[in-house]
$ cat coords_26.cif   # mmCIF, C-alpha atoms and all ligand atoms
data_work
#
loop_
_atom_site.label_atom_id
_atom_site.label_comp_id
_atom_site.auth_asym_id
_atom_site.auth_seq_id
_atom_site.Cartn_x
_atom_site.Cartn_y
_atom_site.Cartn_z
CA MET S 1078 -16.34 -0.16 -59.70
CA TYR S 1079 -19.27 2.21 -59.40
CA ASP S 1080 -20.03 5.85 -58.71
CA ILE S 1081 -23.57 5.99 -57.35
CA ILE S 1082 -25.24 9.34 -58.15
CA GLY S 1083 -28.31 10.73 -56.36
CA ASP S 1084 -31.60 12.29 -57.52
CA ILE S 1085 -30.96 14.72 -60.41
CA HIS S 1086 -34.44 16.26 -60.83
CA GLY S 1087 -33.74 18.12 -64.08
CA TYR S 1088 -30.47 19.82 -63.03
CA GLY S 1089 -28.29 19.17 -66.09
CA THR S 1090 -25.33 21.45 -65.41
CA PRO S 1091 -24.64 20.21 -61.84
CA LEU S 1092 -24.77 16.65 -63.23
CA ALA S 1093 -22.16 17.44 -65.91
CA ASP S 1094 -20.04 19.21 -63.27
CA LEU S 1095 -20.23 16.21 -60.91
CA LEU S 1096 -19.27 13.78 -63.69
CA LYS S 1097 -16.24 15.95 -64.53
CA LYS S 1098 -15.31 16.08 -60.84
CA LEU S 1099 -15.41 12.26 -60.87
CA ASN S 1100 -13.03 12.31 -63.89
CA TYR S 1101 -15.56 11.23 -66.49
CA THR S 1102 -14.88 12.76 -69.91
CA GLU S 1103 -17.26 13.33 -72.78
CA GLN S 1104 -16.40 11.13 -75.78
CA ASN S 1105 -18.64 11.32 -78.87
CA GLY S 1106 -21.35 12.85 -76.73
CA VAL S 1107 -21.21 10.22 -73.95
CA PHE S 1108 -19.58 10.63 -70.52
CA ARG S 1109 -17.20 7.76 -69.84
CA HIS S 1110 -14.53 6.69 -67.38
CA PRO S 1111 -11.83 4.13 -68.31
CA GLU S 1112 -12.43 1.95 -65.24
CA ARG S 1113 -15.69 3.00 -63.65
CA LYS S 1114 -19.45 3.13 -64.26
CA VAL S 1115 -22.14 5.33 -62.82
CA ILE S 1116 -25.29 4.05 -61.15
CA PHE S 1117 -28.18 6.54 -61.11
CA VAL S 1118 -30.66 6.01 -58.25
CA GLY S 1119 -33.62 7.49 -60.20
CA ASP S 1120 -35.64 10.72 -60.02
CA PHE S 1121 -34.13 12.24 -63.15
CA ILE S 1122 -37.02 14.67 -63.62
CA ASP S 1123 -39.34 17.34 -62.13
CA ARG S 1124 -38.07 20.59 -60.55
CA GLY S 1125 -34.90 21.83 -62.33
CA PRO S 1126 -34.46 23.98 -65.48
CA GLU S 1127 -32.42 21.58 -67.66
CA HIS S 1128 -34.29 18.34 -68.19
CA LYS S 1129 -33.05 17.82 -71.75
CA LYS S 1130 -29.44 18.23 -70.74
CA ALA S 1131 -29.83 15.92 -67.72
CA LEU S 1132 -31.79 13.22 -69.55
CA THR S 1133 -29.51 13.27 -72.61
CA ILE S 1134 -26.49 12.69 -70.36
CA CYS S 1135 -28.11 9.90 -68.31
CA ARG S 1136 -29.81 8.08 -71.14
CA SER S 1137 -26.76 8.11 -73.42
CA MET S 1138 -24.59 6.77 -70.59
CA VAL S 1139 -27.04 3.93 -69.88
CA GLU S 1140 -27.52 3.09 -73.56
CA GLN S 1141 -23.78 3.16 -74.28
CA GLY S 1142 -22.87 1.05 -71.25
CA SER S 1143 -21.14 3.63 -69.06
CA ALA S 1144 -23.98 3.74 -66.50
CA LEU S 1145 -26.72 1.66 -64.89
CA ALA S 1146 -29.89 3.15 -63.45
CA VAL S 1147 -32.99 2.34 -61.40
CA MET S 1148 -36.45 3.91 -61.52
CA GLY S 1149 -37.48 6.67 -59.10
CA ASN S 1150 -41.00 7.55 -58.00
CA HIS S 1151 -40.96 10.54 -60.39
CA GLU S 1152 -40.38 8.30 -63.43
CA PHE S 1153 -43.02 5.87 -62.17
CA ASN S 1154 -45.47 8.78 -61.81
CA ALA S 1155 -44.52 10.12 -65.26
CA ILE S 1156 -45.30 6.75 -66.87
CA CYS S 1157 -48.67 6.61 -65.09
CA TYR S 1158 -49.38 10.23 -66.11
CA ALA S 1159 -48.76 9.23 -69.75
CA THR S 1160 -50.79 5.98 -69.65
CA PRO S 1161 -54.56 5.90 -70.28
CA ASP S 1162 -56.47 3.87 -67.70
CA PRO S 1163 -57.75 0.85 -69.67
CA GLU S 1164 -60.75 0.55 -67.35
CA ASN S 1165 -61.81 4.23 -67.25
CA THR S 1166 -62.20 6.06 -70.56
CA GLY S 1167 -60.62 9.50 -70.69
CA VAL S 1168 -58.73 9.03 -67.41
CA PHE S 1169 -55.01 8.39 -66.98
CA LEU S 1170 -53.42 6.03 -64.43
CA ARG S 1171 -52.10 9.19 -62.75
CA LYS S 1172 -54.87 11.75 -62.99
CA HIS S 1173 -54.24 15.04 -64.82
CA THR S 1174 -55.27 17.15 -61.86
CA GLU S 1175 -53.96 20.66 -61.29
CA SER S 1176 -51.60 19.53 -58.51
CA ASN S 1177 -50.26 16.52 -60.45
CA ARG S 1178 -49.67 18.68 -63.53
CA LYS S 1179 -47.91 21.36 -61.48
CA ALA S 1180 -45.59 18.82 -59.88
CA HIS S 1181 -44.67 17.59 -63.40
CA GLN S 1182 -44.60 20.98 -65.17
CA ALA S 1183 -40.81 21.46 -65.36
CA PHE S 1184 -40.55 18.18 -67.29
CA LEU S 1185 -43.59 18.96 -69.48
CA ASN S 1186 -42.11 22.37 -70.39
CA GLU S 1187 -39.22 20.62 -72.14
CA TYR S 1188 -41.08 17.48 -73.21
CA PRO S 1189 -44.56 18.66 -74.27
CA LEU S 1190 -47.32 16.19 -73.44
CA GLY S 1191 -47.99 13.86 -76.36
CA SER S 1192 -45.00 15.00 -78.47
CA ALA S 1193 -42.76 12.38 -80.10
CA GLU S 1194 -39.86 13.23 -77.77
CA TYR S 1195 -42.18 12.96 -74.77
CA GLU S 1196 -43.41 9.50 -75.79
CA ASP S 1197 -39.86 8.42 -76.54
CA MET S 1198 -38.63 9.49 -73.08
CA ILE S 1199 -41.58 7.79 -71.34
CA ASP S 1200 -40.69 4.60 -73.24
CA TRP S 1201 -37.15 4.87 -71.92
CA PHE S 1202 -38.44 5.29 -68.35
CA ARG S 1203 -40.26 1.96 -68.81
CA THR S 1204 -36.88 0.25 -69.35
CA LEU S 1205 -35.56 1.31 -65.92
CA PRO S 1206 -35.36 -1.59 -63.45
CA LEU S 1207 -36.95 -1.24 -60.01
CA PHE S 1208 -33.76 -2.37 -58.29
CA LEU S 1209 -30.22 -3.59 -58.93
CA ASP S 1210 -28.82 -6.56 -57.05
CA LEU S 1211 -25.17 -6.65 -58.13
CA GLU S 1212 -24.12 -9.15 -55.41
CA ALA S 1213 -21.45 -6.82 -53.96
CA ILE S 1214 -23.90 -3.90 -53.65
CA ARG S 1215 -27.63 -3.23 -53.96
CA VAL S 1216 -29.37 -0.14 -55.30
CA VAL S 1217 -33.00 0.94 -55.04
CA HIS S 1218 -34.65 4.37 -55.16
CA ALA S 1219 -36.17 4.50 -51.65
CA VAL S 1220 -36.20 1.25 -49.60
CA TRP S 1221 -34.79 -2.23 -50.04
CA HIS S 1222 -37.81 -4.03 -48.59
CA GLN S 1223 -37.72 -7.77 -49.19
CA PRO S 1224 -41.46 -8.42 -48.62
CA SER S 1225 -42.27 -5.81 -51.29
CA LEU S 1226 -39.69 -7.27 -53.67
CA ASP S 1227 -41.39 -10.66 -53.21
CA VAL S 1228 -44.81 -9.15 -54.02
CA ILE S 1229 -43.64 -7.58 -57.29
CA GLN S 1230 -41.75 -10.68 -58.47
CA PRO S 1231 -44.61 -11.84 -60.80
CA TRP S 1232 -44.99 -8.28 -62.13
CA ILE S 1233 -41.45 -7.69 -63.40
CA ASN S 1234 -39.41 -9.11 -66.29
CA VAL S 1235 -35.92 -10.66 -66.17
CA ASP S 1236 -34.39 -7.18 -66.17
CA HIS S 1237 -36.51 -6.20 -63.13
CA CYS S 1238 -38.64 -3.77 -65.18
CA LEU S 1239 -42.35 -3.49 -64.40
CA LEU S 1240 -44.58 -5.27 -66.95
CA THR S 1241 -47.23 -3.20 -68.74
CA ASP S 1242 -50.11 -4.64 -66.68
CA ALA S 1243 -48.28 -3.87 -63.46
CA TYR S 1244 -48.77 -0.12 -63.93
CA VAL S 1245 -52.53 -0.62 -63.77
CA GLN S 1246 -52.27 -2.75 -60.63
CA ALA S 1247 -49.77 -0.36 -59.07
CA SER S 1248 -52.18 2.55 -59.60
CA ARG S 1249 -55.00 0.87 -57.65
CA ARG S 1250 -54.78 2.06 -54.06
CA GLY S 1251 -55.23 -0.90 -51.74
CA SER S 1252 -53.71 -3.55 -54.02
CA ASP S 1253 -50.60 -5.47 -52.94
CA VAL S 1254 -48.69 -4.18 -55.95
CA TYR S 1255 -49.63 -0.59 -55.10
CA SER S 1256 -48.28 -0.96 -51.56
CA ALA S 1257 -45.11 -2.69 -52.75
CA ILE S 1258 -44.31 0.10 -55.23
CA GLU S 1259 -45.06 2.70 -52.56
CA ASN S 1260 -42.59 1.01 -50.22
CA LEU S 1261 -39.80 0.55 -52.78
CA LEU S 1262 -40.04 3.94 -54.53
CA LYS S 1263 -41.56 6.29 -51.94
CA GLY S 1264 -40.57 4.86 -48.58
CA ILE S 1265 -41.95 2.95 -45.64
CA GLU S 1266 -44.61 4.96 -43.84
CA PHE S 1267 -46.00 4.82 -40.34
CA LYS S 1268 -49.62 5.68 -39.59
CA LEU S 1269 -49.82 8.38 -36.92
CA PRO S 1270 -52.07 7.87 -33.91
CA GLU S 1271 -55.73 8.90 -34.26
CA GLY S 1272 -56.20 12.68 -34.50
CA CYS S 1273 -52.53 13.42 -35.26
CA SER S 1274 -51.42 14.86 -38.61
CA ILE S 1275 -48.53 16.80 -40.16
CA LYS S 1276 -48.35 19.15 -43.14
CA ASP S 1277 -46.12 18.18 -46.09
CA GLN S 1278 -44.03 20.52 -48.33
CA ASN S 1279 -47.17 21.44 -50.31
CA GLY S 1280 -49.16 22.23 -47.17
CA LYS S 1281 -51.23 19.07 -47.51
CA ALA S 1282 -52.23 17.35 -44.24
CA ARG S 1283 -50.76 13.86 -43.90
CA THR S 1284 -51.60 11.22 -41.34
CA GLU S 1285 -48.49 9.15 -42.10
CA VAL S 1286 -44.78 9.86 -41.70
CA ARG S 1287 -41.79 8.30 -43.44
CA LEU S 1288 -39.55 6.30 -41.17
CA LYS S 1289 -35.76 6.17 -40.99
CA TRP S 1290 -35.75 2.45 -41.74
CA TRP S 1291 -31.93 2.53 -41.81
CA ASP S 1292 -31.60 3.66 -38.18
CA LYS S 1293 -31.74 0.72 -35.77
CA LEU S 1294 -31.34 3.02 -32.76
CA ALA S 1295 -34.36 5.19 -33.54
CA THR S 1296 -37.07 3.40 -31.59
CA ARG S 1297 -39.23 6.39 -30.57
CA LEU S 1298 -41.51 8.11 -33.10
CA PRO S 1299 -40.04 11.66 -33.10
CA GLU S 1300 -36.47 10.48 -33.70
CA ALA S 1301 -37.49 7.81 -36.23
CA ALA S 1302 -39.63 10.05 -38.45
CA THR S 1303 -38.14 11.91 -41.39
CA ASN S 1304 -39.26 14.95 -43.43
CA THR S 1305 -41.61 16.22 -40.74
CA GLY S 1306 -40.32 19.79 -40.56
CA ASN S 1307 -40.90 21.41 -37.17
CA VAL S 1308 -43.98 19.44 -36.25
CA ASP S 1309 -44.03 17.97 -32.76
CA LEU S 1310 -44.80 14.29 -33.01
CA PRO S 1311 -46.20 12.37 -30.04
CA GLU S 1312 -43.62 10.67 -27.84
CA MET S 1313 -44.25 6.95 -28.32
CA ASP S 1314 -42.32 3.74 -28.86
CA LEU S 1315 -42.52 2.28 -32.34
CA PRO S 1316 -43.80 -1.27 -32.64
CA GLY S 1317 -40.99 -3.85 -32.47
CA ASN S 1318 -41.78 -5.17 -35.96
CA ILE S 1319 -40.92 -1.93 -37.80
CA TYR S 1320 -38.87 -2.78 -40.90
CA ARG S 1321 -35.08 -2.37 -40.78
CA TYR S 1322 -32.52 -3.33 -43.44
CA SER S 1323 -30.42 -5.96 -41.66
CA ASP S 1324 -28.52 -7.66 -44.51
CA SER S 1325 -24.75 -7.21 -44.76
CA VAL S 1326 -24.67 -6.32 -48.49
CA PRO S 1327 -23.95 -2.59 -48.86
CA LEU S 1328 -27.07 -0.70 -49.93
CA PHE S 1329 -27.36 2.61 -51.77
CA PHE S 1330 -30.52 4.63 -52.26
CA GLY S 1331 -31.75 8.19 -52.90
CA HIS S 1332 -35.11 9.90 -52.34
CA TYR S 1333 -34.67 11.23 -48.79
CA TRP S 1334 -33.40 14.86 -49.03
CA MET S 1335 -30.52 14.44 -46.61
CA GLN S 1336 -29.34 17.68 -44.97
CA GLY S 1337 -25.78 18.86 -44.44
CA ILE S 1338 -22.51 17.13 -45.27
CA PRO S 1339 -23.15 13.67 -46.80
CA GLU S 1340 -22.34 10.78 -44.48
CA THR S 1341 -23.11 7.09 -44.25
CA LEU S 1342 -26.23 6.14 -42.30
CA SER S 1343 -24.78 2.88 -41.00
CA PRO S 1344 -21.63 0.88 -41.84
CA ASN S 1345 -23.30 -0.54 -44.97
CA ILE S 1346 -26.08 1.93 -45.84
CA ALA S 1347 -25.68 5.21 -47.74
CA CYS S 1348 -28.19 7.71 -49.11
CA VAL S 1349 -26.96 9.80 -52.06
CA ASP S 1350 -29.93 12.17 -52.24
CA SER S 1351 -29.56 15.64 -50.77
CA GLU S 1352 -31.53 18.80 -50.19
CA ASN S 1353 -31.99 21.03 -53.25
CA GLY S 1354 -28.73 22.73 -54.30
CA ARG S 1355 -26.41 19.75 -53.88
CA LEU S 1356 -25.87 16.70 -56.10
CA VAL S 1357 -24.11 13.82 -54.35
CA ALA S 1358 -22.17 10.75 -55.50
CA TYR S 1359 -20.61 7.89 -53.55
CA ARG S 1360 -17.35 6.66 -55.08
CA TRP S 1361 -17.42 2.95 -54.26
CA GLN S 1362 -14.05 1.16 -54.27
CA GLY S 1363 -15.24 -2.35 -53.46
CA GLU S 1364 -15.51 -1.86 -49.69
CA LYS S 1365 -18.03 -3.72 -47.50
CA ILE S 1366 -17.78 -1.06 -44.80
CA LEU S 1367 -18.70 2.27 -46.37
CA ASN S 1368 -16.54 5.33 -45.84
CA ASP S 1369 -17.67 8.96 -45.36
CA ASP S 1370 -14.59 10.12 -47.29
CA HIS S 1371 -15.94 8.50 -50.46
CA PHE S 1372 -18.75 11.03 -50.93
CA VAL S 1373 -18.18 13.58 -53.72
CA TRP S 1374 -20.61 16.42 -54.46
CA VAL S 1375 -21.26 19.69 -56.24
CA ASP S 1376 -23.27 22.63 -54.88
CA TRP S 1377 -25.18 25.31 -56.76
CA GLU S 1378 -27.37 28.30 -55.98
CA VAL S 1379 -31.11 27.57 -56.06
MN MN L 1401 -37.81 10.25 -54.96
#
$ encode --input "coords_26.cif" --output "structure tokens" --more "lines below"
Ligand SMILES: [Mn+2]
Amino acid sequence: MYDIIGDIHGYGTPLADLLKKLNYTEQNGVFRHPERKVIFVGDFIDRGPEHKKALTICRSMVEQGSALAVMGNHEFNAICYATPDPENTGVFLRKHTESNRKAHQAFLNEYPLGSAEYEDMIDWFRTLPLFLDLEAIRVVHAVWHQPSLDVIQPWINVDHCLLTDAYVQASRRGSDVYSAIENLLKGIEFKLPEGCSIKDQNGKARTEVRLKWWDKLATRLPEAATNTGNVDLPEMDLPGNIYRYSDSVPLFFGHYWMQGIPETLSPNIACVDSENGRLVAYRWQGEKILNDDHFVWVDWEV
């Protein structure tokens, strides 16, 4: 049985506290439970003050068999930030611009760019699968989107890890692989009508919004959009072909900064990410119909 844990973002102490709350104990430096394993939904890095603590816990658990993990968009970005573009000398697959560096600074403070420990951690990120299909449950960082999974099939190995060449493809805006990775790790987006835009957390104007692809009842734009703050979106029906997860296999994901008390999004869909200051787990007991009482979390002051 699995305990699925949400986006950690460099908060080591809350992670250790949550594992203890879930009755994991540290044995020879590795958190273990006699009957259960953790699944991390990705986004281990960027933001918090304790990257080394968080990454040491997660990596040792994965390497010693007491956890599984998938890749988040922050690990994908970190790999691209570390990888020279083979077709453009002196440029990296993720450019070293001021804003990209700032977004990555908390990780770089503890893992200095180019250091041996930095390279070693980036190599570990490369071993994270894009998704887990465990038959009884599925796990992905942002969206389980079958058309995107089909697109990346030739670009992953048997363990569902991206091949080296895939990072180049996935960094080329406009390619199929780029769009597929965007969908799986960052979320399905909807292009706003002409002339309409919103500002994101960094004040940057965006002409696309993320959709609540888990909510079958949200058919109008304002109720179906997520992470839009207080912006008034135009009242309009969404096209009928908007993607929804309609399989019966329970699905767990992170990425979406859920507010308030954790709760399931549908009978078989649960998000374990939360707003900053709360780390959430779902304690899965084998059920096909998910249960709000199975969420466990820790809070801290930010
Ligand atoms: Mn994310």
$ residues_near_ligand --input "coords_26.cif" --ligand "ligand MN 1401 (chain L)" --cutoff "6 Å" --atoms "all atoms listed in the file" --output "list in words"
Asp1120, Gly1149, Asn1150 and His1332 of chain S
$ residues_around --input "coords_26.cif" --residues "stretch 1272-1289 of chain S" --least-positions-apart "3" --cutoff "6 Å" --atoms "only C-alpha atoms" --output "short mmCIF file (atom, residue, chain, number, x, y, z; two decimals) with C-alpha atoms, in the frame of the given file"
data_model
loop_
_atom_site.label_atom_id
_atom_site.label_comp_id
_atom_site.auth_asym_id
_atom_site.auth_seq_id
_atom_site.Cartn_x
_atom_site.Cartn_y
_atom_site.Cartn_z
CA ILE S 1265 -41.95 2.95 -45.64
CA GLU S 1266 -44.61 4.96 -43.84
CA PHE S 1267 -46.00 4.82 -40.34
CA LYS S 1268 -49.62 5.68 -39.59
CA LEU S 1269 -49.82 8.38 -36.92
CA ASP S 1292 -31.60 3.66 -38.18
CA ALA S 1301 -37.49 7.81 -36.23
CA ALA S 1302 -39.63 10.05 -38.45
CA THR S 1303 -38.14 11.91 -41.39
#
$ closest_atom_pairs --input "coords_26.cif" --of "stretch 1239-1283 of chain S" --to "stretch 1152-1157 of chain S" --cutoff "12 Å" --atoms "all atoms listed in the file" --output "JSON lines"
{"residue": "S:Leu1239", "atom": "CA", "partner": "S:Phe1153", "partner_atom": "CA", "distance": 9.6}
{"residue": "S:Thr1241", "atom": "CA", "partner": "S:Ile1156", "partner_atom": "CA", "distance": 10.3}
{"residue": "S:Asp1242", "atom": "CA", "partner": "S:Cys1157", "partner_atom": "CA", "distance": 11.5}
{"residue": "S:Ala1243", "atom": "CA", "partner": "S:Cys1157", "partner_atom": "CA", "distance": 10.6}
{"residue": "S:Tyr1244", "atom": "CA", "partner": "S:Cys1157", "partner_atom": "CA", "distance": 6.8}
{"residue": "S:Val1245", "atom": "CA", "partner": "S:Cys1157", "partner_atom": "CA", "distance": 8.3}
{"residue": "S:Gln1246", "atom": "CA", "partner": "S:Cys1157", "partner_atom": "CA", "distance": 11.0}
{"residue": "S:Ala1247", "atom": "CA", "partner": "S:Cys1157", "partner_atom": "CA", "distance": 9.3}
{"residue": "S:Ser1248", "atom": "CA", "partner": "S:Cys1157", "partner_atom": "CA", "distance": 7.7}
{"residue": "S:Arg1249", "atom": "CA", "partner": "S:Cys1157", "partner_atom": "CA", "distance": 11.3}
{"residue": "S:Tyr1255", "atom": "CA", "partner": "S:Phe1153", "partner_atom": "CA", "distance": 11.6}
{"residue": "S:Ile1258", "atom": "CA", "partner": "S:Phe1153", "partner_atom": "CA", "distance": 9.1}
{"residue": "S:Glu1259", "atom": "CA", "partner": "S:Phe1153", "partner_atom": "CA", "distance": 10.3}
{"residue": "S:Leu1261", "atom": "CA", "partner": "S:Phe1153", "partner_atom": "CA", "distance": 11.3}
{"residue": "S:Leu1262", "atom": "CA", "partner": "S:Phe1153", "partner_atom": "CA", "distance": 8.4}
{"residue": "S:Lys1263", "atom": "CA", "partner": "S:Phe1153", "partner_atom": "CA", "distance": 10.3}
$ atom_distance --input "coords_26.cif" --atom1 "atom CA of S:Arg1171" --atom2 "atom CA of S:Gln1230"
22.8 Å
$ atom_distance --input "coords_26.cif" --atom1 "atom CA of S:Val1220" --atom2 "atom CA of S:Gly1264"
5.8 Å
$ closest_residue --input "coords_26.cif" --among "S:His1110, S:Arg1360, S:Arg1355, S:Arg1136" --to "S:Thr1090" --atoms "all atoms listed in the file"
S:Arg1355
$ residues_around --input "coords_26.cif" --residues "S:Val1217" --least-positions-apart "4" --cutoff "9 Å" --atoms "only C-alpha atoms" --output "list in words"
Val1118, Gly1119, Val1147, Met1148, Gly1149, Leu1207, Phe1208, Leu1209, Asp1210, Trp1221, Leu1261, Leu1262, Leu1328, Phe1329, Phe1330 and Gly1331 of chain S
$ residues_near_point --input "coords_26.cif" --point "(-24.4, 1.3, -60.6)" --cutoff "6 Å" --atoms "all atoms listed in the file" --output "list in words"
Tyr1079, Ile1081, Val1115, Ile1116 and Leu1145 of chain S
$ closest_residue --input "coords_26.cif" --among "S:Ser1323, S:Asn1105, S:Asn1368, S:Asn1345" --to "S:Gln1223" --atoms "all atoms listed in the file"
S:Ser1323
$ residues_around --input "coords_26.cif" --residues "S:Lys1172" --least-positions-apart "6" --cutoff "10 Å" --atoms "all atoms listed in the file" --output "mmCIF file with C-alpha atoms, in the frame of the given file"
data_model
loop_
_atom_site.group_PDB
_atom_site.id
_atom_site.type_symbol
_atom_site.label_atom_id
_atom_site.label_comp_id
_atom_site.auth_asym_id
_atom_site.auth_seq_id
_atom_site.Cartn_x
_atom_site.Cartn_y
_atom_site.Cartn_z
ATOM 1 C CA ASN S 1154 -45.470 8.780 -61.810
ATOM 2 C CA CYS S 1157 -48.670 6.610 -65.090
ATOM 3 C CA TYR S 1158 -49.380 10.230 -66.110
ATOM 4 C CA ALA S 1159 -48.760 9.230 -69.750
ATOM 5 C CA THR S 1160 -50.790 5.980 -69.650
ATOM 6 C CA PRO S 1161 -54.560 5.900 -70.280
ATOM 7 C CA ASP S 1162 -56.470 3.870 -67.700
ATOM 8 C CA ARG S 1178 -49.670 18.680 -63.530
#
$ closest_residue --input "coords_26.cif" --among "S:Glu1164, S:Asp1123, S:Asp1376, S:Asp1369" --to "S:Leu1092" --atoms "all atoms listed in the file"
S:Asp1376
